[in-house]
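Colleague: I'd like to ask some things about the structure below.
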Amino acid sequence: MERLDKILSHLNYGTRKEVKDLVKKGYVSVNGNIVKNSDIKVDPSKDEIKVLEEDVNYQEFVYIMLNKPSGVVSATEDPRYETVVDLMPEYSKMGIFPFGRLDIDTEGLVIMSNDGTLAHALLSPKKHVDKKYYVEYSGEFKDSYFKRIEKGIQIDDYISKPGKAEIICPGKAYITIHEGKFHEVKKMFEALNMHVDYLKRVEFKNIKLDEALAPGDYRPLTEEEIKGLKEVL
Ligand code: URA
């Protein structure tokens with residue numbers, strides 16, 4: 001169960017205050033009854049919510065930015081762990097899924113959507129979509145590593161595609177890669193005798209993680225952000 005105002009503002013009907021106003025004016029109904037109080041809790045997977053007689057789930061495609069918390073898996077279903085879809089119940093009936101995966105202990109930017117064509121294009125290795133990570137690591141980052149990361153590093157049975165490292169200060173760095181194989185950043189650091197202690201994705205193509213989003217929070221992408229993502233099509 002989730003507060004009605006929270007659900008509607010997540011679905012882009014306005015800020016919490018604007019949504020409160022919509023509800024006060026009698027524009028919102030739940031299961032056929034006009035409601036006047038936006039604090040009420042509803043179950044978006046069961047209750048029928050309408051704004052001005054329009055089903056709130058009328059949108060064909062949704063595009064959401066999530067700040068994934070640690071402990072949550074990047075999947076649509078999981079027998080043991082909470083999933084990124086479980087975090088956003090108002091979208092659960094719309095067939096949303098994450099664009100790519102972050103490890104269970106990795107935090108940060110995940111794009112959630114039900115647009116399979118766009119997902120396919122963005123995740124295609126041919127498109128070289130940049131993903132930038134903030135990394136806290138232990139060990140020494142030697143000067144020669146910048147070149148090695150740019151050239152590609154031997155990991156298991158493959159060589160990583162060229163990446164870019166920027167050191168913030170000893171123990172903290174940004175790494176940009178465009179491939180995103182399983183555990184790629186962690187394995188790159190291991191291959192260079194370092195260890196990733198904390199990993200957070202901060203950028204995905206043109207999308208920058210909104211700093212106003214605490215872990216577990218999410219918001220719809222803006223028109224401009226969606227336009228930038230769709231440049232791959
Ligand atoms: N690289 C990793 O090692 N883990 C992630 O979650 C993402 C990239």
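To be explicit about the labels: the chains of the structure tokens are called A, B, and onward in the order shown, and within each one the residues are counted from 1, while ligands get numbers from 1 in the order they are shown.
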Which chains and residue numbers are within 10 Å of ligand 1, counting only C-alpha atoms and all ligand atoms, if I want them as a PyMOL selection string?
Modeller: chain A and resi 74+100-108+131-133+135+175-177+179-190+196+198-201
Colleague: Using the chain letters and numbers from this document, which residues of range 20-184 of chain A does DSSP assign to alpha helix (DSSP H), as a PyMOL selection string?
Modeller: chain A and resi 20-24+116-123+144-151+184
Colleague: Can you list, as a count of residues only, every protein, DNA or RNA residue that comes within 7 Å of Met112 in chain A when you count only C-alpha atoms, leaving out same-chain residues fewer than 2 positions away?
Modeller: 8
Colleague: Sorted by chain and rising residue number, which residues of range 1-42 of chain A lie within 7 Å of range 48-62 of chain A, and what are their closest atom pairs and distances in Å to one decimal, counting only C-alpha atoms, as a Markdown table?
Modeller:
| residue | atom | partner | partner_atom | distance |
| --- | --- | --- | --- | --- |
| A:Tyr27 | CA | A:Leu52 | CA | 5.1 |
| A:Val28 | CA | A:Val51 | CA | 4.6 |
| A:Ser29 | CA | A:Lys50 | CA | 5.2 |
| A:Val30 | CA | A:Ile49 | CA | 4.6 |
| A:Asn31 | CA | A:Glu48 | CA | 4.9 |
Colleague: As a list in words, please: the residues near Ile40 in chain A (cut-off 8 Å, only C-alpha atoms, same-chain neighbours under 3 positions excluded).
Modeller: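 Answer for this query is Arg3, Leu4 and Asn37 of chain A.
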Colleague: Write the selection just made, keeping N, CA and C atoms, as a PDB file, in the first residue's frame?
Modeller:
ATOM      1  N   ARG A   3       0.802   5.785  -0.398  1.00  0.00           N
ATOM      2  CA  ARG A   3      -0.046   6.990  -0.350  1.00  0.00           C
ATOM      3  C   ARG A   3      -0.426   7.431  -1.761  1.00  0.00           C
ATOM      4  N   LEU A   4      -1.682   7.841  -1.908  1.00  0.00           N
ATOM      5  CA  LEU A   4      -2.194   8.260  -3.219  1.00  0.00           C
ATOM      6  C   LEU A   4      -1.380   9.418  -3.805  1.00  0.00           C
ATOM      7  N   ASN A  37      -9.182  13.095  -0.171  1.00  0.00           N
ATOM      8  CA  ASN A  37      -8.045  13.110   0.742  1.00  0.00           C
ATOM      9  C   ASN A  37      -6.870  12.370   0.098  1.00  0.00           C
TER      10      ASN A  37
END
Colleague: Pick from A:Asp156, A:Gly71, A:Lys205, A:Pro44: nearest to Met94 in chain A, with only C-alpha atoms counted?
Modeller: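 Checking each candidate against Met94 in chain A, we get A:Pro44 as the closest.
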Colleague: Could you state the separation of CA of Arg148 in chain A and CA of Asp130 in chain A in Å, given to one decimal place?
Modeller: 18.0 Å
Colleague: Record the distance separating CA of Ala191 in chain A and CA of Gln154 in chain A, expressed in Å with one decimal.
Modeller: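 Spanning CA of Ala191 in chain A to CA of Gln154 in chain A is a straight-line distance of 7.5 Å.
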Colleague: Would you please extract all strand (DSSP E) residues from range 3-194 of chain A, as assigned by DSSP on the backbone, and give them as a VMD selection string?
Modeller: chain A and resid 3 28 to 30 33 to 34 41 to 42 49 to 51 54 to 55 63 to 68 97 to 98 107 to 113 131 to 138 154 to 155 158 to 159 164 to 169 172 to 177
Colleague: Show me, as a PDB file with N, CA and C atoms, in the first residue's frame, the residues that have an atom within 9 Å of Ile207 in chain A when counting only C-alpha atoms, minus same-chain residues fewer than 5 positions from it.
Modeller:
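Resulting contents of result.pdb:
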ATOM      1  N   MET A  65      13.799   6.887 -13.636  1.00  0.00           N
ATOM      2  CA  MET A  65      15.161   6.841 -13.101  1.00  0.00           C
ATOM      3  C   MET A  65      15.066   6.367 -11.643  1.00  0.00           C
ATOM      4  N   LEU A 109      22.242   4.519 -10.439  1.00  0.00           N
ATOM      5  CA  LEU A 109      21.308   4.736 -11.544  1.00  0.00           C
ATOM      6  C   LEU A 109      20.898   3.478 -12.300  1.00  0.00           C
ATOM      7  N   ILE A 111      17.798   2.645 -15.180  1.00  0.00           N
ATOM      8  CA  ILE A 111      16.635   3.116 -15.946  1.00  0.00           C
ATOM      9  C   ILE A 111      15.630   1.971 -15.963  1.00  0.00           C
ATOM     10  N   VAL A 202      26.621   6.361 -11.693  1.00  0.00           N
ATOM     11  CA  VAL A 202      26.186   7.757 -11.633  1.00  0.00           C
ATOM     12  C   VAL A 202      25.700   8.288 -12.976  1.00  0.00           C
ATOM     13  N   LEU A 221      11.637  10.052 -16.031  1.00  0.00           N
ATOM     14  CA  LEU A 221      12.611  10.834 -16.798  1.00  0.00           C
ATOM     15  C   LEU A 221      11.889  12.020 -17.439  1.00  0.00           C
ATOM     16  N   GLU A 225      15.475  14.065 -21.232  1.00  0.00           N
ATOM     17  CA  GLU A 225      16.263  12.863 -20.919  1.00  0.00           C
ATOM     18  C   GLU A 225      15.857  11.704 -21.837  1.00  0.00           C
ATOM     19  N   ILE A 226      14.550  11.547 -22.062  1.00  0.00           N
ATOM     20  CA  ILE A 226      14.068  10.448 -22.913  1.00  0.00           C
ATOM     21  C   ILE A 226      14.556  10.650 -24.354  1.00  0.00           C
ATOM     22  N   GLY A 228      17.252  12.133 -25.324  1.00  0.00           N
ATOM     23  CA  GLY A 228      18.681  11.794 -25.374  1.00  0.00           C
ATOM     24  C   GLY A 228      18.887  10.289 -25.465  1.00  0.00           C
ATOM     25  N   LEU A 229      18.127   9.531 -24.687  1.00  0.00           N
ATOM     26  CA  LEU A 229      18.261   8.064 -24.721  1.00  0.00           C
ATOM     27  C   LEU A 229      17.890   7.534 -26.105  1.00  0.00           C
TER      28      LEU A 229
END
Colleague: With only C-alpha atoms as the atoms that count, which of A:Met194, A:Val19, A:Leu233, A:Val84 lies nearest to Ala119 in chain A?
Modeller: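 Between A:Met194, A:Val19, A:Leu233, A:Val84, the residue approaching Ala119 in chain A most closely is A:Leu233.
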Colleague: What is the distance, in Å and to one decimal place, between CA of Asp47 in chain A and CA of Glu77 in chain A?
Modeller: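 So the answer is 21.5 Å.
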Colleague: Skip Lys17 in chain A itself and residues of its chain fewer than 5 positions away, then list as a ChimeraX atom specification all residues within 12 Å of it, counting only C-alpha atoms.
Modeller: /A:5-6,8-9,22-24,38-39
Colleague: Can those selected residues be exported to a file as a compact mmCIF listing (two decimals), in the first residue's frame so that it contains N, CA, C and O atoms?
Modeller:
# COMPACT_ATOMS: atom_id res chain seq x y z
N ASP A 5 -1.02 10.40 -2.97
CA ASP A 5 -0.28 11.56 -3.51
C ASP A 5 1.10 11.15 -4.00
O ASP A 5 1.61 11.64 -5.01
N LYS A 6 1.70 10.18 -3.30
CA LYS A 6 3.04 9.72 -3.70
C LYS A 6 2.95 9.00 -5.06
O LYS A 6 3.76 9.24 -5.95
N LEU A 8 0.67 9.33 -7.42
CA LEU A 8 0.36 10.24 -8.53
C LEU A 8 1.54 11.15 -8.87
O LEU A 8 1.78 11.44 -10.04
N SER A 9 2.29 11.55 -7.87
CA SER A 9 3.42 12.42 -8.23
C SER A 9 4.53 11.60 -8.89
O SER A 9 5.18 12.08 -9.81
N LEU A 22 -5.27 18.55 -7.01
CA LEU A 22 -6.10 17.79 -7.95
C LEU A 22 -7.13 16.96 -7.20
O LEU A 22 -8.30 16.91 -7.58
N VAL A 23 -6.66 16.33 -6.13
CA VAL A 23 -7.53 15.45 -5.34
C VAL A 23 -8.61 16.29 -4.66
O VAL A 23 -9.81 15.96 -4.72
N LYS A 24 -8.20 17.40 -4.07
CA LYS A 24 -9.16 18.29 -3.37
C LYS A 24 -10.27 18.76 -4.31
O LYS A 24 -11.41 18.90 -3.91
N SER A 38 -5.78 13.10 -0.17
CA SER A 38 -4.66 12.46 -0.88
C SER A 38 -3.74 11.67 0.04
O SER A 38 -2.78 11.06 -0.42
N ASP A 39 -4.01 11.68 1.34
CA ASP A 39 -3.17 10.89 2.27
C ASP A 39 -3.56 9.41 2.28
O ASP A 39 -2.85 8.60 2.86
Colleague: Restricting the calculation to only C-alpha atoms, which member of A:Met88, A:Ile7, A:Ile167, A:Val42 is positioned closest to Leu66 in chain A?
Modeller: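 Closest to Leu66 in chain A of all the choices is A:Met88.
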Colleague: Point out the residue among A:Glu82, A:Val232, A:Phe146, A:Thr76 with the least atom-to-atom distance to His120 in chain A, counting only C-alpha atoms.
Modeller: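 Selected residue with least distance to His120 in chain A: A:Val232.
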Colleague: Env of Thr83 in chain A: 6 Å cut, atoms = only C-alpha atoms, seq-sep filter 4 positions within chain, self excluded. Answer as a compact mmCIF listing (two decimals) with N, CA and C atoms, in the first residue's frame.
Modeller:
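Once written, result10.txt looks like this:
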# COMPACT_ATOMS: atom_id res chain seq x y z
N VAL A 72 19.10 -4.97 -3.21
CA VAL A 72 17.96 -5.17 -4.12
C VAL A 72 18.50 -5.69 -5.45
N VAL A 73 17.82 -6.68 -6.03
CA VAL A 73 18.34 -7.26 -7.27
C VAL A 73 17.73 -6.58 -8.51
N ALA A 75 16.21 -7.33 -11.22
CA ALA A 75 15.43 -8.34 -11.93
C ALA A 75 13.96 -7.98 -11.76
